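Asker: Have a look at this one before I ask anything.
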Amino acid sequence: DAKTTQPPSMDCAEGRAANLPCNHSTISGNEYVYWYRQIHSQGPQYIIHGLKNNETNEMASLIITEDRKSSTLILPHATLRDTAVYYCIVRVAAGRRALTFGSGTRLQVQP
Amino acid sequence: GAVVSQHPSRVICKSGTSVKIECRSLDFQATTMFWYRQFPKQSLMLMATSNEGSKATYEQGVEKDKFLINHASLTLSTLTVTSAHPEDSSFYICSARDTRTEVEGYTFGSGTRLTVV
């Protein structure tokens, strides 16, 4: 799996967009970008994933650069409940191996 | 969507005793489940991969005789922490992959907070 780099922490004002960056410069052509988050004392929660194109679902948007070496997770209107650690994971889609978690970005949404 | 149920959510036990944690896939079959451990302010660390009907695969540094894993059915994996010590106090999380979906599919339990006193 390609290595990812994320800032250790970020702050965001409630109601504003939270933009969480992730660098994955060694990503391979068949590797997807996954985002999970972990709210304190809970198991990780799937947010979104993408290969090349930008993706949007009810939780967030994922913007992947054209060279695929970096991506940004966007929470359009952050709430206090979005305070969590956000993990960017790059890996192939299929396979039976576990997800490998880096240190992630601790997002603190401020009232 | 896929749901993984993990019990108990928190447990306190005395040193030297054993604790069993259950992980169930509620609406799908999971031939493979994963067990993680998370210490305070750290990321999730994979402990072992649990395979239905066969032996678990442990990560380097994880004692297989201390952390017993049983995956006897397609919907249930258990982790037993044997002869628990205070240093085993941690947050244990299980995960299962719903192979009905090709790209998505990793679902996590809500975790078990183990405190050994």
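Every chain in the structure tokens takes a letter, A first, then B, and so on in the order presented; its residues are numbered from 1, and the ligands are numbered from 1 following the presented order.
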For chain B, list the residues within 9 Å of chain A, counting only C-alpha atoms, and write the list as a PyMOL selection string.

Answerer: chain B and resi 32-34+42-46+49+91+93-97+99+102-113

Asker: So that I have them on file, write out the residues from the current selection with N, CA and C atoms, as a tab-separated table (two decimals), in the first residue's frame.

Answerer:
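Wrote it out as part.tsv, contents follow:
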chain	number	residue	atom	x	y	z
B	32	THR	N	-13.25	-13.54	6.71
B	32	THR	CA	-12.07	-12.95	7.32
B	32	THR	C	-12.48	-11.79	8.22
B	33	MET	N	-11.95	-11.79	9.41
B	33	MET	CA	-12.14	-10.67	10.33
B	33	MET	C	-10.78	-10.25	10.85
B	34	PHE	N	-10.70	-9.03	11.29
B	34	PHE	CA	-9.43	-8.48	11.73
B	34	PHE	C	-9.57	-7.93	13.15
B	42	GLN	N	-2.86	6.88	20.19
B	42	GLN	CA	-2.15	6.20	19.12
B	42	GLN	C	-3.13	5.70	18.07
B	43	SER	N	-2.59	5.28	16.95
B	43	SER	CA	-3.43	4.77	15.88
B	43	SER	C	-3.75	3.29	16.11
B	44	LEU	N	-4.60	2.77	15.26
B	44	LEU	CA	-4.96	1.35	15.35
B	44	LEU	C	-3.79	0.51	14.87
B	45	MET	N	-3.49	-0.53	15.61
B	45	MET	CA	-2.45	-1.47	15.22
B	45	MET	C	-3.08	-2.85	15.02
B	46	LEU	N	-2.84	-3.40	13.85
B	46	LEU	CA	-3.38	-4.73	13.54
B	46	LEU	C	-2.71	-5.77	14.42
B	49	THR	N	-5.26	-11.51	11.91
B	49	THR	CA	-6.30	-11.76	10.92
B	49	THR	C	-6.94	-13.09	11.25
B	91	PHE	N	-7.86	-0.46	23.93
B	91	PHE	CA	-9.12	-0.43	23.17
B	91	PHE	C	-8.96	-1.45	22.05
B	93	ILE	N	-10.53	-3.43	18.78
B	93	ILE	CA	-11.52	-3.18	17.72
B	93	ILE	C	-11.46	-4.31	16.71
B	94	CYS	N	-12.63	-4.78	16.31
B	94	CYS	CA	-12.65	-5.79	15.26
B	94	CYS	C	-13.18	-5.19	13.96
B	95	SER	N	-12.88	-5.84	12.88
B	95	SER	CA	-13.32	-5.37	11.57
B	95	SER	C	-13.61	-6.58	10.70
B	96	ALA	N	-14.55	-6.41	9.81
B	96	ALA	CA	-14.86	-7.48	8.86
B	96	ALA	C	-15.07	-6.87	7.49
B	97	ARG	N	-14.79	-7.67	6.50
B	97	ARG	CA	-14.95	-7.19	5.12
B	97	ARG	C	-16.15	-7.87	4.49
B	99	THR	N	-17.60	-8.97	1.50
B	99	THR	CA	-17.10	-9.25	0.16
B	99	THR	C	-18.18	-9.14	-0.92
B	102	GLU	N	-17.25	-4.91	-4.01
B	102	GLU	CA	-15.90	-5.10	-4.53
B	102	GLU	C	-14.91	-4.08	-3.96
B	103	VAL	N	-15.35	-2.85	-3.86
B	103	VAL	CA	-14.40	-1.80	-3.51
B	103	VAL	C	-14.52	-1.36	-2.07
B	104	GLU	N	-15.72	-1.25	-1.59
B	104	GLU	CA	-15.90	-0.82	-0.21
B	104	GLU	C	-15.75	-2.02	0.71
B	105	GLY	N	-16.39	-1.98	1.84
B	105	GLY	CA	-16.60	-3.22	2.56
B	105	GLY	C	-15.93	-3.41	3.88
B	106	TYR	N	-15.05	-2.52	4.34
B	106	TYR	CA	-14.47	-2.72	5.66
B	106	TYR	C	-15.37	-2.04	6.69
B	107	THR	N	-15.94	-2.85	7.53
B	107	THR	CA	-16.81	-2.33	8.59
B	107	THR	C	-16.20	-2.67	9.93
B	108	PHE	N	-16.30	-1.72	10.86
B	108	PHE	CA	-15.67	-1.88	12.15
B	108	PHE	C	-16.69	-2.00	13.26
B	109	GLY	N	-16.33	-2.78	14.27
B	109	GLY	CA	-17.14	-2.81	15.48
B	109	GLY	C	-16.93	-1.53	16.27
B	110	SER	N	-17.72	-1.38	17.31
B	110	SER	CA	-17.66	-0.15	18.10
B	110	SER	C	-16.53	-0.16	19.13
B	111	GLY	N	-15.84	-1.29	19.23
B	111	GLY	CA	-14.69	-1.34	20.11
B	111	GLY	C	-15.01	-1.84	21.51
B	112	THR	N	-13.99	-2.37	22.17
B	112	THR	CA	-14.09	-2.84	23.56
B	112	THR	C	-12.98	-2.20	24.37
B	113	ARG	N	-13.37	-1.47	25.39
B	113	ARG	CA	-12.39	-0.85	26.28
B	113	ARG	C	-12.08	-1.84	27.41

Asker: Could you name the residues that touch Glu58 of chain A at 12 Å or less, counting only C-alpha atoms, but leaving out those on the same chain fewer than 5 positions away, as a PyMOL selection string?

Answerer: chain A and resi 46-48+74-77

Asker: I need the residues from that last selection saved to file as a PDB file, in the first residue's frame (with N, CA, C and O atoms), if you can.

Answerer:
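out.pdb, written as the output of this step:
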ATOM      1  N   TYR A  46     -16.357   4.348   7.786  1.00  0.00           N
ATOM      2  CA  TYR A  46     -16.073   4.633   6.373  1.00  0.00           C
ATOM      3  C   TYR A  46     -16.716   5.961   5.976  1.00  0.00           C
ATOM      4  O   TYR A  46     -17.854   6.250   6.354  1.00  0.00           O
ATOM      5  N   ILE A  47     -15.966   6.775   5.226  1.00  0.00           N
ATOM      6  CA  ILE A  47     -16.530   8.039   4.747  1.00  0.00           C
ATOM      7  C   ILE A  47     -16.734   7.993   3.240  1.00  0.00           C
ATOM      8  O   ILE A  47     -17.839   8.166   2.744  1.00  0.00           O
ATOM      9  N   ILE A  48     -15.658   7.758   2.499  1.00  0.00           N
ATOM     10  CA  ILE A  48     -15.733   7.877   1.050  1.00  0.00           C
ATOM     11  C   ILE A  48     -14.484   7.239   0.458  1.00  0.00           C
ATOM     12  O   ILE A  48     -13.492   7.026   1.169  1.00  0.00           O
ATOM     13  N   ILE A  74     -13.371  16.875   1.867  1.00  0.00           N
ATOM     14  CA  ILE A  74     -14.089  18.093   2.215  1.00  0.00           C
ATOM     15  C   ILE A  74     -15.367  17.750   2.965  1.00  0.00           C
ATOM     16  O   ILE A  74     -16.218  17.005   2.459  1.00  0.00           O
ATOM     17  N   LEU A  75     -15.473  18.285   4.179  1.00  0.00           N
ATOM     18  CA  LEU A  75     -16.734  18.229   4.921  1.00  0.00           C
ATOM     19  C   LEU A  75     -17.367  19.595   4.714  1.00  0.00           C
ATOM     20  O   LEU A  75     -16.874  20.590   5.248  1.00  0.00           O
ATOM     21  N   PRO A  76     -18.442  19.688   3.958  1.00  0.00           N
ATOM     22  CA  PRO A  76     -18.911  21.008   3.501  1.00  0.00           C
ATOM     23  C   PRO A  76     -19.399  21.938   4.610  1.00  0.00           C
ATOM     24  O   PRO A  76     -19.198  23.149   4.531  1.00  0.00           O
ATOM     25  N   HIS A  77     -20.017  21.409   5.608  1.00  0.00           N
ATOM     26  CA  HIS A  77     -20.523  22.234   6.714  1.00  0.00           C
ATOM     27  C   HIS A  77     -20.238  21.489   8.021  1.00  0.00           C
ATOM     28  O   HIS A  77     -21.063  20.731   8.511  1.00  0.00           O
TER      29      HIS A  77
END

Asker: Quick check, in Å to one decimal: how far apart do atom CA of Tyr86 of chain A and atom CA of Trp35 of chain A lie?

Answerer: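 Distance between the two atoms: 7.0 Å.
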
Asker: Which residues come within 9 Å of segment 62-66 of chain A, counting only C-alpha atoms, excluding same-chain residues fewer than 3 positions away, as a list in words?

Answerer: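 Within the cut-off, the hits are Val33, Trp35, Ile48, His49, Gly50, Leu51, Lys52, Asn53, Asn54, Glu55, Thr56, Asn57, Lys69, Ser70, Ser71, Thr72, Leu73 and Ile74 of chain A.
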
Asker: Keeping all heavy atoms for every residue in the selection just given, could you write it to a file as a CSV table (one decimal), in the first residue's frame?

Answerer:
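again_32.csv, freshly written:
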chain,number,residue,atom,x,y,z
A,33,VAL,N,-8.1,5.6,-3.1
A,33,VAL,CA,-7.9,6.5,-1.9
A,33,VAL,C,-9.2,6.3,-1.0
A,33,VAL,O,-10.3,6.6,-1.5
A,33,VAL,CB,-7.8,8.0,-2.3
A,33,VAL,CG1,-7.6,8.8,-1.0
A,33,VAL,CG2,-6.6,8.2,-3.2
A,35,TRP,N,-11.1,7.1,2.8
A,35,TRP,CA,-11.1,8.0,4.0
A,35,TRP,C,-12.0,7.3,5.0
A,35,TRP,O,-13.1,6.9,4.7
A,35,TRP,CB,-11.6,9.4,3.7
A,35,TRP,CG,-10.5,10.2,3.0
A,35,TRP,CD1,-10.3,10.3,1.7
A,35,TRP,CD2,-9.7,11.1,3.6
A,35,TRP,NE1,-9.3,11.2,1.4
A,35,TRP,CE2,-8.9,11.7,2.6
A,35,TRP,CE3,-9.5,11.5,5.0
A,35,TRP,CZ2,-7.9,12.7,2.9
A,35,TRP,CZ3,-8.5,12.5,5.2
A,35,TRP,CH2,-7.7,13.1,4.2
A,48,ILE,N,-15.7,7.8,2.5
A,48,ILE,CA,-15.7,7.9,1.0
A,48,ILE,C,-14.5,7.2,0.5
A,48,ILE,O,-13.5,7.0,1.2
A,48,ILE,CB,-15.9,9.4,0.6
A,48,ILE,CG1,-16.4,9.5,-0.8
A,48,ILE,CG2,-14.5,10.1,0.8
A,48,ILE,CD1,-16.8,11.0,-1.1
A,49,HIS,N,-14.5,6.9,-0.8
A,49,HIS,CA,-13.3,6.4,-1.5
A,49,HIS,C,-13.4,6.9,-3.0
A,49,HIS,O,-14.5,7.2,-3.5
A,49,HIS,CB,-13.2,4.9,-1.4
A,49,HIS,CG,-14.2,4.2,-2.3
A,49,HIS,ND1,-15.5,4.0,-1.8
A,49,HIS,CD2,-14.1,3.7,-3.5
A,49,HIS,CE1,-16.2,3.3,-2.8
A,49,HIS,NE2,-15.4,3.1,-3.8
A,50,GLY,N,-12.2,6.8,-3.6
A,50,GLY,CA,-12.2,7.2,-5.0
A,50,GLY,C,-10.9,6.7,-5.7
A,50,GLY,O,-10.0,6.4,-5.0
A,51,LEU,N,-11.0,6.6,-7.0
A,51,LEU,CA,-9.9,6.2,-7.8
A,51,LEU,C,-9.2,7.3,-8.6
A,51,LEU,O,-8.0,7.6,-8.4
A,51,LEU,CB,-10.3,5.1,-8.8
A,51,LEU,CG,-9.2,4.5,-9.7
A,51,LEU,CD1,-8.2,3.7,-8.8
A,51,LEU,CD2,-9.8,3.5,-10.7
A,52,LYS,N,-10.0,7.9,-9.4
A,52,LYS,CA,-9.5,9.1,-10.2
A,52,LYS,C,-10.4,10.3,-10.1
A,52,LYS,O,-9.9,11.4,-10.0
A,52,LYS,CB,-9.4,8.7,-11.7
A,52,LYS,CG,-8.4,7.5,-12.0
A,52,LYS,CD,-8.5,7.3,-13.5
A,52,LYS,CE,-7.7,6.1,-13.9
A,52,LYS,NZ,-7.8,5.8,-15.4
A,53,ASN,N,-11.7,10.0,-10.3
A,53,ASN,CA,-12.6,11.1,-10.3
A,53,ASN,C,-13.0,11.6,-8.9
A,53,ASN,O,-12.8,10.9,-8.0
A,53,ASN,CB,-13.9,10.7,-11.0
A,53,ASN,CG,-13.6,10.2,-12.4
A,53,ASN,OD1,-12.8,10.7,-13.2
A,53,ASN,ND2,-14.3,9.1,-12.8
A,54,ASN,N,-13.4,12.8,-8.9
A,54,ASN,CA,-13.9,13.4,-7.7
A,54,ASN,C,-15.2,12.7,-7.3
A,54,ASN,O,-16.0,12.3,-8.1
A,54,ASN,CB,-14.2,14.9,-7.8
A,54,ASN,CG,-12.9,15.7,-8.1
A,54,ASN,OD1,-11.8,15.2,-7.8
A,54,ASN,ND2,-13.1,16.8,-8.7
A,55,GLU,N,-15.4,12.5,-6.0
A,55,GLU,CA,-16.6,11.8,-5.5
A,55,GLU,C,-17.3,12.6,-4.5
A,55,GLU,O,-16.6,13.3,-3.7
A,55,GLU,CB,-16.1,10.4,-4.9
A,55,GLU,CG,-15.4,9.5,-5.9
A,55,GLU,CD,-16.3,8.9,-6.9
A,55,GLU,OE1,-17.5,8.9,-6.8
A,55,GLU,OE2,-15.7,8.3,-7.9
A,56,THR,N,-18.6,12.4,-4.4
A,56,THR,CA,-19.4,13.0,-3.4
A,56,THR,C,-20.4,12.1,-2.9
A,56,THR,O,-21.0,11.3,-3.6
A,56,THR,CB,-20.1,14.3,-3.9
A,56,THR,OG1,-19.1,15.2,-4.3
A,56,THR,CG2,-21.0,15.0,-2.9
A,57,ASN,N,-20.6,12.1,-1.6
A,57,ASN,CA,-21.7,11.3,-1.0
A,57,ASN,C,-22.4,12.2,0.1
A,57,ASN,O,-22.1,13.4,0.2
A,57,ASN,CB,-21.3,10.0,-0.5
A,57,ASN,CG,-20.3,10.0,0.7
A,57,ASN,OD1,-20.2,11.1,1.3
A,57,ASN,ND2,-19.6,8.9,0.9
A,69,LYS,N,-1.5,12.3,-6.9
A,69,LYS,CA,-0.5,12.2,-5.9
A,69,LYS,C,-1.0,12.9,-4.6
A,69,LYS,O,-0.3,12.8,-3.5
A,69,LYS,CB,0.8,12.9,-6.4
A,69,LYS,CG,1.5,12.1,-7.5
A,69,LYS,CD,2.8,12.8,-7.8
A,69,LYS,CE,3.5,11.9,-8.9
A,69,LYS,NZ,4.8,12.4,-9.3
A,70,SER,N,-2.1,13.5,-4.6
A,70,SER,CA,-2.7,14.0,-3.4
A,70,SER,C,-4.2,14.1,-3.5
A,70,SER,O,-4.8,14.0,-4.6
A,70,SER,CB,-2.1,15.4,-3.1
A,70,SER,OG,-2.5,16.3,-4.1
A,71,SER,N,-4.9,14.2,-2.4
A,71,SER,CA,-6.3,14.4,-2.4
A,71,SER,C,-6.7,15.2,-1.2
A,71,SER,O,-5.9,15.5,-0.3
A,71,SER,CB,-7.0,13.0,-2.3
A,71,SER,OG,-6.6,12.3,-1.1
A,72,THR,N,-8.0,15.7,-1.2
A,72,THR,CA,-8.6,16.5,-0.2
A,72,THR,C,-9.9,15.9,0.2
A,72,THR,O,-10.8,15.8,-0.7
A,72,THR,CB,-8.7,17.9,-0.6
A,72,THR,OG1,-7.4,18.4,-0.9
A,72,THR,CG2,-9.2,18.8,0.6
A,73,LEU,N,-10.2,15.7,1.4
A,73,LEU,CA,-11.5,15.4,1.9
A,73,LEU,C,-12.2,16.7,2.3
A,73,LEU,O,-11.6,17.4,3.1
A,73,LEU,CB,-11.4,14.4,3.1
A,73,LEU,CG,-12.8,14.0,3.7
A,73,LEU,CD1,-13.5,13.0,2.8
A,73,LEU,CD2,-12.6,13.4,5.1
A,74,ILE,N,-13.4,16.9,1.9
A,74,ILE,CA,-14.1,18.1,2.2
A,74,ILE,C,-15.4,17.7,3.0
A,74,ILE,O,-16.2,17.0,2.5
A,74,ILE,CB,-14.4,18.9,1.0
A,74,ILE,CG1,-13.2,19.3,0.2
A,74,ILE,CG2,-15.2,20.2,1.3
A,74,ILE,CD1,-13.4,19.9,-1.1

Asker: Please give the complete set of residues from chain B that DSSP, run on the backbone, assigns to strand (DSSP E or B), formatted as a PyMOL selection string.

Answerer: chain B and resi 4-7+10-13+19-25+32-38+45-51+57-58+67-73+76-81+90-97+106-108+112-116
